[in-house]
>>> print(open('input29.pdb').read())   # PDB, C-alpha atoms, pLDDT in the B column
ATOM      1  CA  LEU Z   1      -9.643 -33.231  38.524  1.00 71.00           C
ATOM      2  CA  VAL Z   2     -10.872 -29.660  38.238  1.00 84.00           C
ATOM      3  CA  THR Z   3     -14.234 -29.457  36.456  1.00 88.00           C
ATOM      4  CA  HIS Z   4     -14.745 -28.000  33.012  1.00 93.00           C
ATOM      5  CA  ALA Z   5     -16.865 -25.178  34.437  1.00 93.00           C
ATOM      6  CA  ARG Z   6     -14.292 -24.278  37.104  1.00 94.00           C
ATOM      7  CA  GLN Z   7     -11.428 -24.145  34.573  1.00 95.00           C
ATOM      8  CA  LYS Z   8     -13.503 -22.013  32.211  1.00 95.00           C
ATOM      9  CA  GLU Z   9     -14.335 -19.643  35.093  1.00 96.00           C
ATOM     10  CA  ALA Z  10     -10.643 -19.441  36.001  1.00 96.00           C
ATOM     11  CA  LEU Z  11      -9.692 -18.429  32.458  1.00 96.00           C
ATOM     12  CA  GLN Z  12     -12.508 -15.892  32.394  1.00 97.00           C
ATOM     13  CA  PHE Z  13     -11.123 -14.432  35.634  1.00 96.00           C
ATOM     14  CA  LEU Z  14      -7.642 -14.167  34.093  1.00 96.00           C
ATOM     15  CA  ASN Z  15      -9.040 -12.489  30.978  1.00 96.00           C
ATOM     16  CA  GLU Z  16     -11.078  -9.981  32.995  1.00 95.00           C
ATOM     17  CA  GLU Z  17      -8.814  -9.291  35.966  1.00 92.00           C
ATOM     18  CA  VAL Z  18      -5.220 -10.145  35.060  1.00 92.00           C
ATOM     19  CA  PHE Z  19      -4.997  -9.563  31.311  1.00 94.00           C
ATOM     20  CA  THR Z  20      -6.997  -6.322  31.349  1.00 91.00           C
ATOM     21  CA  THR Z  21      -5.078  -3.069  31.745  1.00 84.00           C
ATOM     22  CA  PRO Z  22      -5.133  -2.253  35.479  1.00 74.00           C
ATOM     23  CA  THR Z  23      -6.231   1.373  35.077  1.00 70.00           C
ATOM     24  CA  ALA Z  24      -7.092   1.660  38.778  1.00 64.00           C
ATOM     25  CA  LEU Z  25      -3.442   0.988  39.629  1.00 60.00           C
ATOM     26  CA  ILE Z  26      -2.007   3.423  37.103  1.00 62.00           C
ATOM     27  CA  LYS Z  27      -2.000   6.752  38.920  1.00 58.00           C
ATOM     28  CA  LEU Z  28       0.282   9.099  37.029  1.00 58.00           C
ATOM     29  CA  ASP Z  29       0.536  11.649  39.831  1.00 60.00           C
ATOM     30  CA  ILE Z  30       1.934   8.946  42.122  1.00 56.00           C
ATOM     31  CA  LEU Z  31       4.004   7.110  39.515  1.00 53.00           C
ATOM     32  CA  ARG Z  32       5.812  10.258  38.374  1.00 51.00           C
ATOM     33  CA  LYS Z  33       6.871  10.969  41.969  1.00 52.00           C
ATOM     34  CA  LEU Z  34       8.440   7.521  42.189  1.00 57.00           C
ATOM     35  CA  GLU Z  35      10.001   7.151  38.744  1.00 60.00           C
ATOM     36  CA  SER Z  36       9.987   8.674  35.286  1.00 55.00           C
ATOM     37  CA  ASP Z  37       9.253   5.394  33.513  1.00 54.00           C
ATOM     38  CA  GLY Z  38       9.058   1.638  34.049  1.00 56.00           C
ATOM     39  CA  ASN Z  39       5.363   1.107  34.751  1.00 65.00           C
ATOM     40  CA  ILE Z  40       4.618  -0.410  31.351  1.00 79.00           C
ATOM     41  CA  ASN Z  41       7.449  -2.917  31.759  1.00 79.00           C
ATOM     42  CA  ARG Z  42       6.359  -3.828  35.276  1.00 78.00           C
ATOM     43  CA  VAL Z  43       2.682  -4.381  34.402  1.00 81.00           C
ATOM     44  CA  SER Z  44       3.510  -6.129  31.122  1.00 86.00           C
ATOM     45  CA  GLY Z  45       6.052  -8.333  32.855  1.00 87.00           C
ATOM     46  CA  ALA Z  46       3.531  -9.514  35.445  1.00 88.00           C
ATOM     47  CA  GLN Z  47       0.888 -10.159  32.799  1.00 93.00           C
ATOM     48  CA  GLY Z  48       3.406 -11.895  30.540  1.00 94.00           C
ATOM     49  CA  ARG Z  49       4.593 -14.226  33.307  1.00 95.00           C
ATOM     50  CA  THR Z  50       1.001 -15.240  34.005  1.00 96.00           C
ATOM     51  CA  LEU Z  51       0.292 -15.796  30.312  1.00 97.00           C
ATOM     52  CA  ASN Z  52       3.474 -17.811  29.761  1.00 96.00           C
ATOM     53  CA  SER Z  53       2.655 -19.963  32.776  1.00 95.00           C
ATOM     54  CA  LEU Z  54      -0.857 -20.562  31.418  1.00 96.00           C
ATOM     55  CA  VAL Z  55       0.431 -21.720  28.012  1.00 96.00           C
ATOM     56  CA  ALA Z  56       3.514 -23.595  29.224  1.00 94.00           C
ATOM     57  CA  ASN Z  57       4.110 -26.732  27.163  1.00 92.00           C
ATOM     58  CA  ALA Z  58       3.737 -29.012  30.186  1.00 90.00           C
ATOM     59  CA  LYS Z  59       0.301 -27.543  30.995  1.00 93.00           C
ATOM     60  CA  LEU Z  60      -0.898 -27.794  27.415  1.00 94.00           C
ATOM     61  CA  GLN Z  61       0.316 -31.390  27.224  1.00 92.00           C
ATOM     62  CA  ARG Z  62      -1.464 -32.183  30.484  1.00 91.00           C
ATOM     63  CA  MET Z  63      -4.706 -30.804  29.036  1.00 93.00           C
ATOM     64  CA  VAL Z  64      -4.274 -33.022  25.956  1.00 94.00           C
ATOM     65  CA  GLU Z  65      -3.728 -36.056  28.181  1.00 91.00           C
ATOM     66  CA  TYR Z  66      -6.708 -35.307  30.436  1.00 91.00           C
ATOM     67  CA  GLU Z  67      -8.932 -35.022  27.405  1.00 93.00           C
ATOM     68  CA  ALA Z  68      -7.543 -38.212  25.847  1.00 92.00           C
ATOM     69  CA  LEU Z  69      -7.952 -40.243  29.029  1.00 91.00           C
ATOM     70  CA  ALA Z  70     -11.331 -38.886  30.141  1.00 90.00           C
ATOM     71  CA  THR Z  71     -14.135 -41.409  30.185  1.00 90.00           C
ATOM     72  CA  ASN Z  72     -16.648 -38.567  30.010  1.00 90.00           C
ATOM     73  CA  LYS Z  73     -15.391 -35.884  27.619  1.00 86.00           C
ATOM     74  CA  SER Z  74     -17.784 -33.294  29.054  1.00 88.00           C
ATOM     75  CA  ASP Z  75     -15.858 -33.425  32.342  1.00 89.00           C
ATOM     76  CA  VAL Z  76     -12.718 -31.856  30.865  1.00 93.00           C
ATOM     77  CA  TYR Z  77     -11.919 -28.406  29.496  1.00 95.00           C
ATOM     78  CA  PRO Z  78     -10.626 -29.259  26.023  1.00 96.00           C
ATOM     79  CA  LEU Z  79      -7.441 -27.523  24.951  1.00 96.00           C
ATOM     80  CA  GLY Z  80      -9.090 -26.229  21.774  1.00 96.00           C
ATOM     81  CA  GLU Z  81     -11.836 -24.555  23.787  1.00 97.00           C
ATOM     82  CA  MET Z  82      -9.321 -23.070  26.232  1.00 97.00           C
ATOM     83  CA  LEU Z  83      -7.234 -21.642  23.380  1.00 98.00           C
ATOM     84  CA  THR Z  84     -10.349 -20.105  21.812  1.00 98.00           C
ATOM     85  CA  ASP Z  85     -11.427 -18.561  25.123  1.00 98.00           C
ATOM     86  CA  LEU Z  86      -7.924 -17.188  25.658  1.00 98.00           C
ATOM     87  CA  ARG Z  87      -7.742 -15.704  22.139  1.00 98.00           C
ATOM     88  CA  ARG Z  88     -11.140 -14.054  22.467  1.00 97.00           C
ATOM     89  CA  GLY Z  89     -10.165 -12.538  25.810  1.00 97.00           C
ATOM     90  CA  LEU Z  90      -6.705 -11.333  24.800  1.00 97.00           C
ATOM     91  CA  TRP Z  91      -7.879  -9.851  21.521  1.00 97.00           C
ATOM     92  CA  LYS Z  92     -11.283  -8.470  22.583  1.00 96.00           C
ATOM     93  CA  GLU Z  93     -10.569  -5.083  20.973  1.00 96.00           C
ATOM     94  CA  ILE Z  94     -10.562  -6.573  17.464  1.00 96.00           C
ATOM     95  CA  TYR Z  95     -14.215  -7.503  17.824  1.00 94.00           C
ATOM     96  CA  THR Z  96     -15.254  -3.946  18.736  1.00 91.00           C
ATOM     97  CA  GLY Z  97     -12.761  -1.781  16.856  1.00 90.00           C
ATOM     98  CA  ALA Z  98     -11.648  -0.195  20.136  1.00 93.00           C
ATOM     99  CA  PRO Z  99      -8.108   1.214  20.308  1.00 94.00           C
ATOM    100  CA  ILE Z 100      -5.567  -1.205  21.781  1.00 96.00           C
ATOM    101  CA  ASP Z 101      -3.584   0.437  24.569  1.00 93.00           C
ATOM    102  CA  THR Z 102       0.152  -0.042  25.103  1.00 92.00           C
ATOM    103  CA  TYR Z 103      -0.303  -2.586  27.880  1.00 92.00           C
ATOM    104  CA  ARG Z 104      -2.589  -4.755  25.779  1.00 94.00           C
ATOM    105  CA  ARG Z 105      -0.330  -4.487  22.726  1.00 96.00           C
ATOM    106  CA  ARG Z 106       2.555  -5.755  24.863  1.00 95.00           C
ATOM    107  CA  LEU Z 107       0.459  -8.623  26.207  1.00 96.00           C
ATOM    108  CA  GLN Z 108      -0.729  -9.536  22.722  1.00 97.00           C
ATOM    109  CA  ALA Z 109       2.865  -9.508  21.474  1.00 97.00           C
ATOM    110  CA  THR Z 110       3.834 -11.823  24.332  1.00 97.00           C
ATOM    111  CA  TYR Z 111       1.013 -14.164  23.306  1.00 98.00           C
ATOM    112  CA  VAL Z 112       2.155 -14.230  19.675  1.00 98.00           C
ATOM    113  CA  GLU Z 113       5.760 -14.900  20.740  1.00 96.00           C
ATOM    114  CA  ALA Z 114       4.617 -17.751  23.005  1.00 96.00           C
ATOM    115  CA  MET Z 115       2.603 -19.324  20.197  1.00 97.00           C
ATOM    116  CA  ALA Z 116       5.507 -18.961  17.758  1.00 96.00           C
ATOM    117  CA  SER Z 117       7.786 -20.800  20.192  1.00 93.00           C
ATOM    118  CA  LYS Z 118       5.388 -23.743  20.108  1.00 93.00           C
ATOM    119  CA  ILE Z 119       5.066 -23.826  16.332  1.00 93.00           C
ATOM    120  CA  LYS Z 120       8.766 -23.288  15.654  1.00 88.00           C
ATOM    121  CA  PRO Z 121      10.639 -24.125  18.848  1.00 82.00           C
ATOM    122  CA  PRO Z 122      14.103 -22.594  19.109  1.00 75.00           C
ATOM    123  CA  ALA Z 123      16.992 -24.782  17.981  1.00 72.00           C
ATOM    124  CA  THR Z 124      18.675 -26.869  20.651  1.00 69.00           C
ATOM    125  CA  ASN Z 125      22.140 -28.329  20.708  1.00 70.00           C
ATOM    126  CA  ALA Z 126      22.522 -31.993  19.737  1.00 76.00           C
ATOM    127  CA  GLN Z 127      22.849 -33.274  23.315  1.00 76.00           C
ATOM    128  CA  ASP Z 128      19.744 -31.413  24.518  1.00 71.00           C
ATOM    129  CA  ALA Z 129      17.794 -32.529  21.438  1.00 70.00           C
ATOM    130  CA  LEU Z 130      18.695 -36.179  22.053  1.00 72.00           C
ATOM    131  CA  LEU Z 131      17.707 -35.930  25.712  1.00 72.00           C
ATOM    132  CA  ALA Z 132      14.422 -34.215  24.798  1.00 66.00           C
ATOM    133  CA  GLN Z 133      13.692 -36.916  22.230  1.00 68.00           C
ATOM    134  CA  LEU Z 134      14.404 -39.687  24.730  1.00 71.00           C
ATOM    135  CA  LEU Z 135      12.225 -38.089  27.395  1.00 69.00           C
ATOM    136  CA  GLY Z 136       9.551 -36.880  24.989  1.00 63.00           C
ATOM    137  CA  ILE Z 137       9.839 -33.281  26.207  1.00 61.00           C
ATOM    138  CA  GLY Z 138      10.765 -29.955  24.682  1.00 54.00           C
ATOM    139  CA  GLY Z 139      11.325 -29.118  21.035  1.00 50.00           C
ATOM    140  CA  PRO Z 140       9.090 -30.454  18.300  1.00 47.00           C
ATOM    141  CA  ALA Z 141       8.381 -33.665  20.226  1.00 48.00           C
ATOM    142  CA  GLY Z 142       7.213 -31.597  23.203  1.00 75.00           C
ATOM    143  CA  THR Z 143       4.649 -29.687  21.164  1.00 82.00           C
ATOM    144  CA  ARG Z 144       3.597 -32.465  18.782  1.00 86.00           C
ATOM    145  CA  ASP Z 145       0.258 -33.159  20.469  1.00 91.00           C
ATOM    146  CA  PHE Z 146      -0.954 -29.563  20.558  1.00 94.00           C
ATOM    147  CA  ARG Z 147       0.967 -27.813  17.763  1.00 93.00           C
ATOM    148  CA  PRO Z 148      -1.869 -28.383  15.232  1.00 95.00           C
ATOM    149  CA  LEU Z 149      -4.326 -26.601  17.558  1.00 96.00           C
ATOM    150  CA  ILE Z 150      -1.895 -23.716  18.063  1.00 97.00           C
ATOM    151  CA  LYS Z 151      -1.481 -23.362  14.301  1.00 97.00           C
ATOM    152  CA  ASP Z 152      -5.252 -23.452  13.843  1.00 97.00           C
ATOM    153  CA  GLU Z 153      -5.613 -20.705  16.482  1.00 97.00           C
ATOM    154  CA  MET Z 154      -3.053 -18.570  14.652  1.00 98.00           C
ATOM    155  CA  ARG Z 155      -4.868 -19.018  11.333  1.00 98.00           C
ATOM    156  CA  THR Z 156      -8.143 -18.038  13.003  1.00 98.00           C
ATOM    157  CA  LEU Z 157      -6.527 -15.028  14.668  1.00 98.00           C
ATOM    158  CA  ASP Z 158      -5.010 -13.960  11.341  1.00 98.00           C
ATOM    159  CA  ARG Z 159      -8.449 -14.020   9.664  1.00 97.00           C
ATOM    160  CA  GLU Z 160      -9.924 -12.031  12.553  1.00 98.00           C
ATOM    161  CA  LEU Z 161      -7.095  -9.487  12.433  1.00 97.00           C
ATOM    162  CA  ALA Z 162      -7.565  -9.031   8.684  1.00 97.00           C
ATOM    163  CA  ALA Z 163     -11.234  -8.205   9.264  1.00 96.00           C
ATOM    164  CA  ALA Z 164     -10.464  -5.968  12.261  1.00 96.00           C
ATOM    165  CA  ILE Z 165      -7.853  -3.767  10.597  1.00 95.00           C
ATOM    166  CA  SER Z 166     -10.429  -1.962   8.476  1.00 91.00           C
ATOM    167  CA  LYS Z 167     -12.657  -1.374  11.552  1.00 91.00           C
ATOM    168  CA  THR Z 168      -9.828   0.039  13.658  1.00 90.00           C
ATOM    169  CA  GLY Z 169      -9.650   3.825  13.586  1.00 88.00           C
ATOM    170  CA  ASP Z 170      -6.513   4.165  15.700  1.00 91.00           C
ATOM    171  CA  ARG Z 171      -3.305   4.233  13.621  1.00 94.00           C
ATOM    172  CA  THR Z 172      -1.125   2.634  16.313  1.00 96.00           C
ATOM    173  CA  SER Z 173      -3.619  -0.193  16.772  1.00 96.00           C
ATOM    174  CA  ARG Z 174      -3.814  -0.771  13.005  1.00 96.00           C
ATOM    175  CA  ALA Z 175      -0.020  -0.875  12.767  1.00 97.00           C
ATOM    176  CA  HIS Z 176       0.098  -3.344  15.668  1.00 97.00           C
ATOM    177  CA  LEU Z 177      -2.493  -5.616  14.067  1.00 97.00           C
ATOM    178  CA  SER Z 178      -0.661  -5.527  10.727  1.00 97.00           C
ATOM    179  CA  ASP Z 179       2.610  -6.356  12.471  1.00 98.00           C
ATOM    180  CA  VAL Z 180       1.002  -9.305  14.254  1.00 98.00           C
ATOM    181  CA  ARG Z 181      -0.304 -10.585  10.922  1.00 97.00           C
ATOM    182  CA  ASP Z 182       3.267 -10.450   9.581  1.00 97.00           C
ATOM    183  CA  GLN Z 183       4.473 -12.432  12.599  1.00 97.00           C
ATOM    184  CA  ILE Z 184       1.762 -15.040  12.143  1.00 97.00           C
ATOM    185  CA  LYS Z 185       2.650 -15.403   8.477  1.00 97.00           C
ATOM    186  CA  ALA Z 186       6.315 -15.920   9.417  1.00 95.00           C
ATOM    187  CA  MET Z 187       5.540 -18.510  12.096  1.00 95.00           C
ATOM    188  CA  LEU Z 188       3.281 -20.493   9.764  1.00 94.00           C
ATOM    189  CA  ASP Z 189       5.672 -20.305   6.821  1.00 90.00           C
ATOM    190  CA  VAL Z 190       6.719 -23.915   6.199  1.00 71.00           C
ATOM    191  CA  LYS Z 191       9.856 -22.913   4.261  1.00 69.00           C
ATOM    192  CA  ASP Z 192      11.681 -21.986   7.476  1.00 47.00           C
TER
END
>>> encode(input="input29.pdb", output="structure tokens")
Amino acid sequence: LVTHARQKEALQFLNEEVFTTPTALIKLDILRKLESDGNINRVSGAQGRTLNSLVANAKLQRMVEYEALATNKSDVYPLGEMLTDLRRGLWKEIYTGAPIDTYRRRLQATYVEAMASKIKPPATNAQDALLAQLLGIGGPAGTRDFRPLIKDEMRTLDRELAAAISKTGDRTSRAHLSDVRDQIKAMLDVKD
């Protein structure tokens, strides 16, 4: 079992080194000689794959199980704490009012889409749904143990975004934050 401290350090590393815009690697004079566009997609794709791997249902479920089975709760990195650390790292600009660059907006959109897929998993055909139910994987059954924490994170993020919009001077960043609030509202809407 990996210690609480080691897991927290690993997430901090991801927030600081992987999820931060790699400005040292973005050299326009070199990029423009190689291609006219595509860098944003390439960087965002790599960051998005890492993020999606980090919040994969199987990993989140494993964290829930480790916490449930731990004899000493201080030995494990609780899922709620991990989700909070991830949110604070991915959305650090909302705490300072700094403009959110294109790369970060893409990563934040990927995060919101990943969370939405856990709150409202896409519909499956009847055969896949039956198999998932029997195996206890995928769909609503696959997110049952951590969906409440995801929803709580989205409510917290929505409150933080509401406060951040008025502090954000950059129009594109404000529009992005407003759009994310709309997406959160839609994913938490129980009528759907």
>>> resolve_selection(input="input29.pdb", expression="the PyMOL selection byres ((chain Z and resi 77) around 6)", output="PyMOL selection string")
chain Z and resi 4+76+78
>>> residues_near_point(input="input29.pdb", point="(-5.9, -12.2, 14.6)", cutoff="8 Å", atoms="only C-alpha atoms", output="list in words")
Trp91, Ile94, Met154, Arg155, Thr156, Leu157, Asp158, Arg159, Glu160, Leu161, Ala162, Leu177, Val180 and Arg181 of chain Z
>>> atom_distance(input="input29.pdb", atom1="CA of Gly142 (chain Z)", atom2="CA of Ala126 (chain Z)")
15.7 Å
>>> residues_around(input="input29.pdb", residues="region 119-125 of chain Z", least_positions_apart="4", cutoff="8 Å", atoms="all atoms listed in the file", output="MDAnalysis selection string")
chainID Z and resid 115 129 139:140 143 147 150:151 187:188
>>> atom_distance(input="input29.pdb", atom1="CA of Glu16 (chain Z)", atom2="CA of Thr50 (chain Z)")
13.2 Å
>>> closest_residue(input="input29.pdb", among="Z:Gln7, Z:Ser166, Z:Gln127, Z:Thr21", to="Tyr103 (chain Z)", atoms="all atoms listed in the file")
Z:Thr21
>>> residues_around(input="input29.pdb", residues="Phe146 (chain Z)", least_positions_apart="6", cutoff="8 Å", atoms="only C-alpha atoms", output="number ranges by chain")
Z: 60-61, 64
>>> closest_residue(input="input29.pdb", among="Z:Ala175, Z:Ala109, Z:Ala163, Z:Leu11", to="Thr84 (chain Z)", atoms="only C-alpha atoms")
Z:Leu11
>>> residues_around(input="input29.pdb", residues="Asn52 (chain Z)", least_positions_apart="5", cutoff="12 Å", atoms="only C-alpha atoms", output="number ranges by chain")
Z: 19, 44-47, 57-60, 107-115, 117-118
>>> atom_distance(input="input29.pdb", atom1="CA of Val18 (chain Z)", atom2="CA of Glu67 (chain Z)")
26.3 Å
>>> resolve_selection(input="input29.pdb", expression="the PyMOL selection byres ((chain Z and resi 8) around 12)", output="VMD selection string")
chain Z and resid 2 to 7 9 to 15 75 to 79 81 to 86 89
>>> residues_around(input="input29.pdb", residues="Glu93 (chain Z)", least_positions_apart="6", cutoff="10 Å", atoms="only C-alpha atoms", output="PyMOL selection string")
chain Z and resi 99-101+104+164+168+173
>>> closest_residue(input="input29.pdb", among="Z:Asp182, Z:Arg106, Z:Glu17, Z:Lys167", to="Arg42 (chain Z)", atoms="all atoms listed in the file")
Z:Arg106
>>> closest_residue(input="input29.pdb", among="Z:Ala56, Z:Ala116, Z:Leu130, Z:Ile165", to="Ala98 (chain Z)", atoms="only C-alpha atoms")
Z:Ile165
>>> build_atoms(input="input29.pdb", residues="region 98-109 of chain Z", atoms="all heavy atoms", output="compact mmCIF listing (two decimals), keeping the file's coordinate frame")
# COMPACT_ATOMS: atom_id res chain seq x y z
N ALA Z 98 -12.19 -1.10 19.11
CA ALA Z 98 -11.65 -0.20 20.14
C ALA Z 98 -10.12 -0.08 19.99
O ALA Z 98 -9.47 -1.04 19.57
CB ALA Z 98 -11.99 -0.72 21.53
N PRO Z 99 -9.57 1.08 20.33
CA PRO Z 99 -8.11 1.21 20.31
C PRO Z 99 -7.47 0.22 21.28
O PRO Z 99 -8.05 -0.12 22.32
CB PRO Z 99 -7.87 2.65 20.78
CG PRO Z 99 -9.16 3.35 20.63
CD PRO Z 99 -10.24 2.31 20.74
N ILE Z 100 -6.29 -0.25 20.94
CA ILE Z 100 -5.57 -1.20 21.78
C ILE Z 100 -4.47 -0.43 22.50
O ILE Z 100 -3.56 0.11 21.86
CB ILE Z 100 -4.96 -2.35 20.94
CG1 ILE Z 100 -6.06 -3.00 20.09
CG2 ILE Z 100 -4.28 -3.37 21.84
CD1 ILE Z 100 -5.54 -3.94 19.02
N ASP Z 101 -4.57 -0.36 23.83
CA ASP Z 101 -3.58 0.44 24.57
C ASP Z 101 -2.22 -0.26 24.63
O ASP Z 101 -2.10 -1.43 24.26
CB ASP Z 101 -4.11 0.81 25.96
CG ASP Z 101 -4.22 -0.35 26.94
OD1 ASP Z 101 -3.31 -1.22 26.98
OD2 ASP Z 101 -5.21 -0.39 27.68
N THR Z 102 -1.22 0.46 25.07
CA THR Z 102 0.15 -0.04 25.10
C THR Z 102 0.28 -1.33 25.90
O THR Z 102 0.98 -2.26 25.50
CB THR Z 102 1.08 1.03 25.70
OG1 THR Z 102 0.98 2.20 24.90
CG2 THR Z 102 2.52 0.56 25.75
N TYR Z 103 -0.39 -1.41 27.03
CA TYR Z 103 -0.30 -2.59 27.88
C TYR Z 103 -0.85 -3.82 27.16
O TYR Z 103 -0.26 -4.89 27.21
CB TYR Z 103 -1.08 -2.37 29.19
CG TYR Z 103 -0.55 -1.23 30.00
CD1 TYR Z 103 -1.05 0.07 29.83
CD2 TYR Z 103 0.45 -1.43 30.96
CE1 TYR Z 103 -0.56 1.12 30.59
CE2 TYR Z 103 0.94 -0.38 31.73
CZ TYR Z 103 0.43 0.90 31.53
OH TYR Z 103 0.92 1.94 32.28
N ARG Z 104 -1.97 -3.64 26.51
CA ARG Z 104 -2.59 -4.76 25.78
C ARG Z 104 -1.75 -5.14 24.56
O ARG Z 104 -1.62 -6.32 24.26
CB ARG Z 104 -4.00 -4.37 25.34
CG ARG Z 104 -4.98 -4.17 26.49
CD ARG Z 104 -5.43 -5.45 27.09
NE ARG Z 104 -6.29 -6.14 26.13
CZ ARG Z 104 -6.81 -7.32 26.34
NH1 ARG Z 104 -6.58 -7.96 27.46
NH2 ARG Z 104 -7.57 -7.88 25.44
N ARG Z 105 -1.18 -4.16 23.87
CA ARG Z 105 -0.33 -4.49 22.73
C ARG Z 105 0.86 -5.33 23.18
O ARG Z 105 1.23 -6.30 22.52
CB ARG Z 105 0.15 -3.22 22.01
CG ARG Z 105 -0.95 -2.51 21.26
CD ARG Z 105 -0.41 -1.46 20.30
NE ARG Z 105 0.48 -0.49 20.91
CZ ARG Z 105 0.10 0.68 21.43
NH1 ARG Z 105 -1.18 1.03 21.42
NH2 ARG Z 105 0.99 1.51 21.94
N ARG Z 106 1.43 -4.97 24.32
CA ARG Z 106 2.56 -5.76 24.86
C ARG Z 106 2.12 -7.18 25.19
O ARG Z 106 2.81 -8.14 24.89
CB ARG Z 106 3.10 -5.11 26.13
CG ARG Z 106 3.98 -3.95 25.93
CD ARG Z 106 5.45 -4.40 25.81
NE ARG Z 106 6.29 -3.23 25.83
CZ ARG Z 106 7.00 -2.85 26.88
NH1 ARG Z 106 7.03 -3.57 27.98
NH2 ARG Z 106 7.72 -1.75 26.82
N LEU Z 107 0.96 -7.31 25.84
CA LEU Z 107 0.46 -8.62 26.21
C LEU Z 107 0.16 -9.46 24.96
O LEU Z 107 0.50 -10.65 24.89
CB LEU Z 107 -0.81 -8.48 27.06
CG LEU Z 107 -1.45 -9.78 27.54
CD1 LEU Z 107 -0.51 -10.57 28.44
CD2 LEU Z 107 -2.75 -9.47 28.26
N GLN Z 108 -0.43 -8.83 23.96
CA GLN Z 108 -0.73 -9.54 22.72
C GLN Z 108 0.55 -9.97 22.02
O GLN Z 108 0.63 -11.07 21.46
CB GLN Z 108 -1.60 -8.66 21.82
CG GLN Z 108 -2.99 -8.47 22.38
CD GLN Z 108 -3.78 -7.36 21.71
OE1 GLN Z 108 -3.26 -6.60 20.88
NE2 GLN Z 108 -5.06 -7.26 22.05
N ALA Z 109 1.57 -9.14 22.06
CA ALA Z 109 2.86 -9.51 21.47
C ALA Z 109 3.47 -10.70 22.22
O ALA Z 109 4.04 -11.61 21.60
CB ALA Z 109 3.82 -8.31 21.50
